[in-house]
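Next comes my_file.txt, a file with compact mmCIF, C-alpha atoms.
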# COMPACT_ATOMS: atom_id res chain seq x y z
CA ASP A 334 19.30 1.58 1.58
CA SER A 335 22.50 3.23 0.33
CA PHE A 336 24.61 6.21 1.35
CA GLY A 337 23.23 9.49 0.05
CA GLY A 338 19.54 8.59 0.20
CA THR A 339 17.51 10.37 -2.46
CA VAL A 340 20.56 11.98 -4.06
CA ALA A 341 22.21 8.57 -4.57
CA HIS A 342 19.26 7.61 -6.78
CA PHE A 343 19.38 10.73 -8.93
CA PRO A 344 20.33 10.22 -12.60
CA ARG A 345 24.03 10.26 -13.38
CA GLY A 346 25.43 13.78 -13.69
CA LYS A 347 22.29 15.49 -12.36
CA LEU A 348 22.87 18.97 -10.96
CA VAL A 349 21.71 19.42 -7.37
CA MET A 350 20.57 22.84 -6.20
CA THR A 351 21.66 23.71 -2.68
CA ALA A 352 22.84 26.71 -0.68
CA PRO A 353 25.95 27.63 1.32
CA ALA A 354 25.81 26.53 4.94
CA ASN A 355 27.87 25.99 8.07
CA LEU A 356 27.97 22.34 9.13
CA PRO A 357 29.05 21.41 12.67
CA LEU A 358 32.37 19.50 12.70
CA ILE A 359 32.81 20.20 8.96
CA GLY A 360 32.80 23.96 8.53
CA LYS A 361 31.57 26.15 5.72
CA VAL A 362 30.05 24.48 2.65
CA LYS A 363 29.92 26.75 -0.39
CA PHE A 364 27.95 24.66 -2.91
CA SER A 365 25.10 26.34 -4.79
CA GLU A 366 24.85 24.10 -7.87
CA VAL A 367 26.79 20.84 -7.75
CA SER A 368 26.75 17.49 -9.55
CA LYS A 369 25.32 14.46 -7.82
CA GLU A 370 28.69 12.70 -7.91
CA ARG A 371 30.63 15.60 -6.39
CA LEU A 372 28.05 16.07 -3.62
CA LEU A 373 28.18 12.36 -2.72
CA GLU A 374 31.97 12.51 -2.60
CA PHE A 375 31.76 15.46 -0.21
CA TRP A 376 29.32 13.59 2.06
CA GLN A 377 31.48 10.47 2.02
CA ARG A 378 34.51 12.47 3.11
CA ALA A 379 32.44 14.13 5.84
CA ALA A 380 31.26 10.74 7.13
CA GLN A 381 34.83 9.41 7.23
CA ARG A 382 36.18 12.55 8.87
CA THR A 383 33.57 12.60 11.64
CA GLY A 384 33.43 8.85 12.23
CA LEU A 385 29.73 8.71 11.46
CA HIS A 386 28.36 5.19 11.90
CA ILE A 387 25.50 4.13 9.60
CA ASN A 388 23.43 0.95 9.80
CA TYR A 389 22.11 0.29 6.31
CA GLY A 390 18.97 -1.74 5.69
CA GLU A 391 17.65 -1.17 9.23
CA ARG A 392 14.04 -0.02 9.50
CA VAL A 393 12.68 1.79 12.55
CA GLU A 394 9.48 0.13 13.75
CA SER A 395 8.61 2.22 16.82
CA VAL A 396 9.80 5.03 19.06
CA THR A 397 8.64 4.90 22.68
CA ARG A 398 9.19 7.61 25.28
CA ILE A 399 11.02 6.37 28.39
CA ALA A 400 12.65 8.55 31.04
CA PRO A 401 14.95 10.32 30.40
CA GLY A 402 14.65 9.78 26.63
CA PHE A 403 13.39 7.21 24.15
CA GLU A 404 13.59 3.55 23.21
CA VAL A 405 13.86 2.94 19.48
CA THR A 406 12.88 -0.50 18.18
CA THR A 407 14.20 -1.52 14.77
CA THR A 408 14.34 -4.62 12.62
CA ARG A 409 17.69 -5.41 14.26
CA GLY A 410 17.21 -4.56 17.91
CA ARG A 411 16.55 -1.79 20.42
CA TYR A 412 18.36 1.42 21.25
CA SER A 413 18.09 3.74 24.24
CA THR A 414 18.70 7.39 23.37
CA ARG A 415 18.26 10.87 24.79
CA SER A 416 16.91 12.26 21.52
CA VAL A 417 15.67 11.21 18.07
CA LEU A 418 16.15 13.17 14.85
CA LEU A 419 13.69 12.25 12.06
CA ALA A 420 15.08 12.85 8.55
CA ILE A 421 13.15 10.14 6.75
CA GLY A 422 11.94 11.91 3.61
CA ARG A 423 9.28 10.34 1.39
CA ARG A 424 11.10 8.57 -1.43
CA GLY A 425 11.26 5.24 0.40
CA THR A 426 7.59 4.56 -0.43
CA PRO A 427 6.89 5.67 -4.01
CA ARG A 428 3.31 6.39 -5.00
CA ARG A 429 2.00 3.72 -7.35
CA LEU A 430 -0.42 4.10 -10.25
CA GLU A 431 -2.51 1.13 -9.09
CA VAL A 432 -3.27 0.00 -12.64
CA PRO A 433 -3.18 -3.45 -14.27
CA GLY A 434 0.31 -4.41 -15.41
CA GLU A 435 2.17 -2.20 -12.94
CA GLU A 436 3.86 -5.30 -11.52
CA LEU A 437 5.76 -5.86 -14.79
CA PRO A 438 9.56 -5.62 -14.43
CA LYS A 439 9.72 -2.80 -16.99
CA VAL A 440 7.98 -0.44 -14.50
CA VAL A 441 10.33 1.50 -12.19
CA TYR A 442 9.94 4.48 -9.88
CA ARG A 443 13.17 6.38 -10.46
CA LEU A 444 15.62 7.04 -13.25
CA ILE A 445 19.22 5.95 -12.68
CA ASP A 446 20.87 6.28 -16.09
CA PRO A 447 19.20 7.59 -19.28
CA GLN A 448 21.63 5.58 -21.43
CA GLN A 449 19.98 2.30 -20.43
CA TYR A 450 16.90 3.32 -22.44
CA ARG A 451 18.65 3.91 -25.77
CA GLY A 452 16.61 2.55 -28.67
CA GLN A 453 13.49 2.07 -26.53
CA HIS A 454 9.96 3.44 -26.34
CA VAL A 455 9.70 5.03 -22.89
CA LEU A 456 6.75 6.46 -20.97
CA VAL A 457 7.45 8.85 -18.08
CA VAL A 458 4.53 9.54 -15.72
CA GLY A 459 4.39 12.66 -13.56
CA GLY A 460 4.53 16.44 -13.60
CA GLY A 461 7.17 17.38 -11.04
CA ASP A 462 10.88 18.06 -11.41
CA SER A 463 11.88 14.39 -11.27
CA ALA A 464 9.48 13.49 -14.09
CA LEU A 465 10.56 16.38 -16.31
CA GLU A 466 14.25 15.69 -15.69
CA ALA A 467 13.77 12.01 -16.50
CA ALA A 468 11.84 12.72 -19.70
CA ALA A 469 14.32 15.34 -20.95
CA GLY A 470 17.31 13.19 -20.04
CA ILE A 471 16.04 10.10 -21.87
CA ALA A 472 14.87 12.16 -24.85
CA ALA A 473 18.46 13.33 -25.32
CA GLU A 474 19.61 9.73 -25.91
CA ASP A 475 19.85 8.51 -29.49
CA GLY A 476 17.10 6.23 -30.74
CA THR A 477 14.62 6.82 -27.93
CA THR A 478 10.91 7.56 -28.30
CA VAL A 479 9.77 9.34 -25.15
CA THR A 480 6.27 10.24 -23.98
CA LEU A 481 5.59 12.33 -20.87
CA SER A 482 2.14 11.81 -19.34
CA HIS A 483 0.75 14.22 -16.75
CA ARG A 484 -2.77 14.23 -15.34
CA SER A 485 -2.97 18.02 -14.95
CA GLU A 486 -2.99 20.75 -17.57
CA GLY A 487 0.34 22.32 -16.62
CA PHE A 488 3.70 21.72 -14.91
CA SER A 489 3.14 24.27 -12.16
CA ARG A 490 5.18 22.32 -9.56
CA ALA A 491 8.32 22.07 -11.70
CA LYS A 492 11.23 24.51 -11.87
CA LEU A 493 11.34 26.89 -14.82
CA LYS A 494 14.61 25.39 -16.08
CA ASN A 495 13.03 21.92 -16.27
CA ARG A 496 9.90 23.25 -17.99
CA GLU A 497 12.12 24.90 -20.59
CA ARG A 498 14.06 21.65 -21.13
CA VAL A 499 10.97 19.55 -21.86
CA GLU A 500 9.51 22.28 -24.08
CA ALA A 501 12.74 22.38 -26.08
CA ALA A 502 12.69 18.58 -26.39
CA ARG A 503 9.05 18.71 -27.53
CA LYS A 504 9.77 21.36 -30.17
CA SER A 505 12.71 19.32 -31.49
CA GLY A 506 10.42 16.30 -31.92
CA ARG A 507 12.29 14.19 -29.35
CA LEU A 508 9.50 14.25 -26.75
CA THR A 509 5.72 13.86 -26.85
CA ILE A 510 3.79 15.50 -23.99
CA LEU A 511 0.29 14.27 -23.08
CA MET A 512 -1.39 16.67 -20.66
CA GLN A 513 -4.55 15.70 -18.75
CA SER A 514 -3.78 12.04 -19.35
CA ASP A 515 -3.90 8.95 -17.15
CA VAL A 516 -2.37 5.50 -17.54
CA LYS A 517 -5.08 2.83 -17.62
CA THR A 518 -3.24 -0.41 -18.34
CA ILE A 519 0.38 -1.47 -18.86
CA GLY A 520 1.12 -4.37 -21.17
CA PRO A 521 4.37 -6.11 -22.12
CA ARG A 522 4.68 -4.13 -25.37
CA HIS A 523 2.08 -1.35 -25.09
CA VAL A 524 0.56 1.12 -22.64
CA GLU A 525 -3.05 2.30 -22.77
CA LEU A 526 -3.86 5.85 -21.68
CA ALA A 527 -6.91 8.08 -21.44
CA CYS A 528 -6.18 11.53 -22.85
CA ALA A 529 -8.77 14.29 -23.24
CA GLY A 530 -11.57 11.74 -22.92
CA GLN A 531 -10.14 9.45 -25.58
CA ARG A 532 -8.41 6.08 -25.16
CA MET A 533 -5.09 5.67 -26.91
CA GLN A 534 -2.44 2.96 -27.06
CA ILE A 535 1.27 3.59 -27.55
CA GLU A 536 4.16 1.24 -28.11
CA ASN A 537 6.22 0.83 -24.95
CA ASP A 538 9.33 -0.87 -23.61
CA ALA A 539 9.68 0.89 -20.24
CA VAL A 540 7.60 2.96 -17.80
CA ILE A 541 9.12 5.35 -15.26
CA VAL A 542 6.66 6.53 -12.62
CA CYS A 543 7.64 9.82 -10.96
CA ALA A 544 4.47 10.45 -8.98
CA GLY A 545 6.02 11.39 -5.66
CA GLY A 546 5.99 9.44 -2.45
CA ILE A 547 3.50 8.43 0.21
CA LEU A 548 3.70 10.59 3.30
CA PRO A 549 4.76 8.64 6.45
CA THR A 550 1.77 10.03 8.36
CA PRO A 551 0.68 6.73 10.03
CA PHE A 552 4.22 6.15 11.37
CA LEU A 553 4.52 9.71 12.65
CA LYS A 554 1.16 9.45 14.44
CA SER A 555 2.12 6.08 15.92
CA ILE A 556 5.11 7.61 17.69
CA GLY A 557 3.11 10.50 19.12
CA ILE A 558 3.71 13.28 16.60
CA GLU A 559 0.70 15.47 15.92
CA VAL A 560 0.02 15.95 12.20
CA GLU A 561 -2.15 18.83 11.04
CA THR A 562 -3.42 18.80 7.45
CA LYS A 563 -4.17 22.14 5.83
CA TYR A 564 -5.79 22.66 2.45
CA GLY A 565 -5.51 25.71 0.24
CA ILE A 566 -2.82 27.37 2.36
CA ALA A 567 0.53 28.26 0.80
The structure given in the file should be rewritten as structure tokens.
Amino acid sequence: DSFGGTVAHFPRGKLVMTAPANLPLIGKVKFSEVSKERLLEFWQRAAQRTGLHINYGERVESVTRIAPGFEVTTTRGRYSTRSVLLAIGRRGTPRRLEVPGEELPKVVYRLIDPQQYRGQHVLVVGGGDSALEAAAGIAAEDGTTVTLSHRSEGFSRAKLKNRERVEAARKSGRLTILMQSDVKTIGPRHVELACAGQRMQIENDAVIVCAGGILPTPFLKSIGIEVETKYGIA
């Protein structure tokens, strides 16, 4: 995709929480709270300084063990290497709602710029930090009507700061929150939801789905990594 991965797709001006660290070849990094743009600039300088080579748009298809290392097969060719570092994340395969109308062009899976939704009726789906940040960011734009739909009864996975932002937006009348709700159908001008056992229809120009990503478990298993699933363990 593009340089910066997940961070590159964050909304403009989003603050990124990180921690000081020592990076080999770079030195001490002292960020704790930094804007998306400043962090990307730092990474770009680091890539230039170290001569890091990146092949964009190249998907790994398999990793096979061969003495004394591995053979990596991609959509462009094959590489022989002594070691492989997996840093693949989950955002590359967003979780879909699997409802009628989801294929409409107004449905997206990340927020780039809240300003593009000025004057529109927007539905944000999800209960994590990305959903709350998207809903609060769009609600701050003039002329927007924003609804946040979450299937659970609370935002337990989200940071306190983001929960406070959406609550402030709700109290100011700029944001409607529908807890224990599910999207049922998406139409060109409306969205139908089930909320507290009742069907409701709201006017809609755009849907932003922030429902997380699909774990790359099949790929990991295919290259020999053991995956253990645990339930109810913090």
Do you have the atom CA of Ile519 of chain A-atom CA of Met533 of chain A distance handy? 12.1 Å
Contacts of Leu456 of chain A at 9 Å or less, counting only C-alpha atoms, minus same-chain residues fewer than 5 places along, as a VMD selection string? chain A and resid 468 478 to 482 524 537 to 542
Would you mind telling me which residue in A:Gln453, A:Ala502, A:Arg428, A:Ala529 lies nearest to Val441 of chain A when using only C-alpha atoms?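 Checking each candidate against Val441 of chain A, we get A:Arg428 as the closest.
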May I ask for the distance between atom CA of Cys528 of chain A and atom CA of Glu466 of chain A, given in Å to one decimal place?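 Computing it gives 22.0 Å between the two atoms.
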Could you pull out every residue with an atom within 10 Å of (14.5, 14.7, -18.4), file coordinates, counting only C-alpha atoms, and send them as a PDB file with C-alpha atoms, keeping the file's coordinate frame?
ATOM      1  CA  PRO A 344      20.330  10.220 -12.600  1.00  0.00           C
ATOM      2  CA  LYS A 347      22.290  15.490 -12.360  1.00  0.00           C
ATOM      3  CA  LEU A 444      15.620   7.040 -13.250  1.00  0.00           C
ATOM      4  CA  PRO A 447      19.200   7.590 -19.280  1.00  0.00           C
ATOM      5  CA  VAL A 457       7.450   8.850 -18.080  1.00  0.00           C
ATOM      6  CA  ASP A 462      10.880  18.060 -11.410  1.00  0.00           C
ATOM      7  CA  SER A 463      11.880  14.390 -11.270  1.00  0.00           C
ATOM      8  CA  ALA A 464       9.480  13.490 -14.090  1.00  0.00           C
ATOM      9  CA  LEU A 465      10.560  16.380 -16.310  1.00  0.00           C
ATOM     10  CA  GLU A 466      14.250  15.690 -15.690  1.00  0.00           C
ATOM     11  CA  ALA A 467      13.770  12.010 -16.500  1.00  0.00           C
ATOM     12  CA  ALA A 468      11.840  12.720 -19.700  1.00  0.00           C
ATOM     13  CA  ALA A 469      14.320  15.340 -20.950  1.00  0.00           C
ATOM     14  CA  GLY A 470      17.310  13.190 -20.040  1.00  0.00           C
ATOM     15  CA  ILE A 471      16.040  10.100 -21.870  1.00  0.00           C
ATOM     16  CA  ALA A 472      14.870  12.160 -24.850  1.00  0.00           C
ATOM     17  CA  ALA A 473      18.460  13.330 -25.320  1.00  0.00           C
ATOM     18  CA  VAL A 479       9.770   9.340 -25.150  1.00  0.00           C
ATOM     19  CA  LEU A 481       5.590  12.330 -20.870  1.00  0.00           C
ATOM     20  CA  ASN A 495      13.030  21.920 -16.270  1.00  0.00           C
ATOM     21  CA  ARG A 496       9.900  23.250 -17.990  1.00  0.00           C
ATOM     22  CA  ARG A 498      14.060  21.650 -21.130  1.00  0.00           C
ATOM     23  CA  VAL A 499      10.970  19.550 -21.860  1.00  0.00           C
ATOM     24  CA  ALA A 502      12.690  18.580 -26.390  1.00  0.00           C
ATOM     25  CA  LEU A 508       9.500  14.250 -26.750  1.00  0.00           C
TER      26      LEU A 508
END
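Put simply, atom CA of Val405 of chain A is 24.1 Å away from atom CA of Glu561 of chain A.
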Would you pick out the contacts of Leu419 of chain A at 12 Å or less, using only C-alpha atoms, so that residues sharing its chain but fewer than 4 positions from it are not included, and give the list as a list in words?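 In the requested format, the answer is Val393, Val396, Val405, Arg423, Pro549, Phe552, Leu553, Ile556 and Ile558 of chain A.
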Could you write those residues out with C-alpha atoms, as a short mmCIF file (atom, residue, chain, number, x, y, z; two decimals), in the coordinates of the input?
data_model
loop_
_atom_site.label_atom_id
_atom_site.label_comp_id
_atom_site.auth_asym_id
_atom_site.auth_seq_id
_atom_site.Cartn_x
_atom_site.Cartn_y
_atom_site.Cartn_z
CA VAL A 393 12.68 1.79 12.55
CA VAL A 396 9.80 5.03 19.06
CA VAL A 405 13.86 2.94 19.48
CA ARG A 423 9.28 10.34 1.39
CA PRO A 549 4.76 8.64 6.45
CA PHE A 552 4.22 6.15 11.37
CA LEU A 553 4.52 9.71 12.65
CA ILE A 556 5.11 7.61 17.69
CA ILE A 558 3.71 13.28 16.60
#
Counting only C-alpha atoms, what is within 12 Å of His386 of chain A, bar same-chain residues fewer than 5 positions away, as an MDAnalysis selection string? chainID A and resid 336 377 379:381
For His523 of chain A, the nearest of the candidates A:Ile535, A:Pro427, A:Pro551, A:Arg507, counting only C-alpha atoms: A:Ile535
Find the residues near Ile421 of chain A: any atom within 12 Å, counting all atoms listed in the file, skip ones fewer than 4 places away on the same chain, and give them as a list of chain:residue names. A:Asp334, A:Gly338, A:Thr339, A:Arg392, A:Val393, A:Val417, A:Gly425, A:Thr426, A:Gly546, A:Ile547, A:Leu548, A:Pro549, A:Thr550, A:Phe552, A:Leu553
Name the residues in contact with Glu366 of chain A at a cut-off of 8 Å, using only C-alpha atoms, excluding same-chain residues fewer than 5 positions from it; report them as a PyMOL selection string. chain A and resi 348-352
Residues within 12 Å of (25.7, 22.8, -2.4), file coords, all atoms listed in the file, listed as a CSV table (one decimal) with C-alpha atoms, in the frame of the given file:
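Ended up saving to part.csv:
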chain,number,residue,atom,x,y,z
A,348,LEU,CA,22.9,19.0,-11.0
A,349,VAL,CA,21.7,19.4,-7.4
A,350,MET,CA,20.6,22.8,-6.2
A,351,THR,CA,21.7,23.7,-2.7
A,352,ALA,CA,22.8,26.7,-0.7
A,353,PRO,CA,26.0,27.6,1.3
A,354,ALA,CA,25.8,26.5,4.9
A,355,ASN,CA,27.9,26.0,8.1
A,356,LEU,CA,28.0,22.3,9.1
A,361,LYS,CA,31.6,26.2,5.7
A,362,VAL,CA,30.0,24.5,2.6
A,363,LYS,CA,29.9,26.8,-0.4
A,364,PHE,CA,28.0,24.7,-2.9
A,365,SER,CA,25.1,26.3,-4.8
A,366,GLU,CA,24.8,24.1,-7.9
A,367,VAL,CA,26.8,20.8,-7.8
A,368,SER,CA,26.8,17.5,-9.6
A,369,LYS,CA,25.3,14.5,-7.8
A,370,GLU,CA,28.7,12.7,-7.9
A,371,ARG,CA,30.6,15.6,-6.4
A,372,LEU,CA,28.0,16.1,-3.6
A,373,LEU,CA,28.2,12.4,-2.7
A,375,PHE,CA,31.8,15.5,-0.2
A,376,TRP,CA,29.3,13.6,2.1
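Checking A:Arg490, A:Arg532, A:Lys563, A:Arg382 one by one against Gly460 of chain A, counting all atoms listed in the file, you find the shortest gap at A:Arg490.
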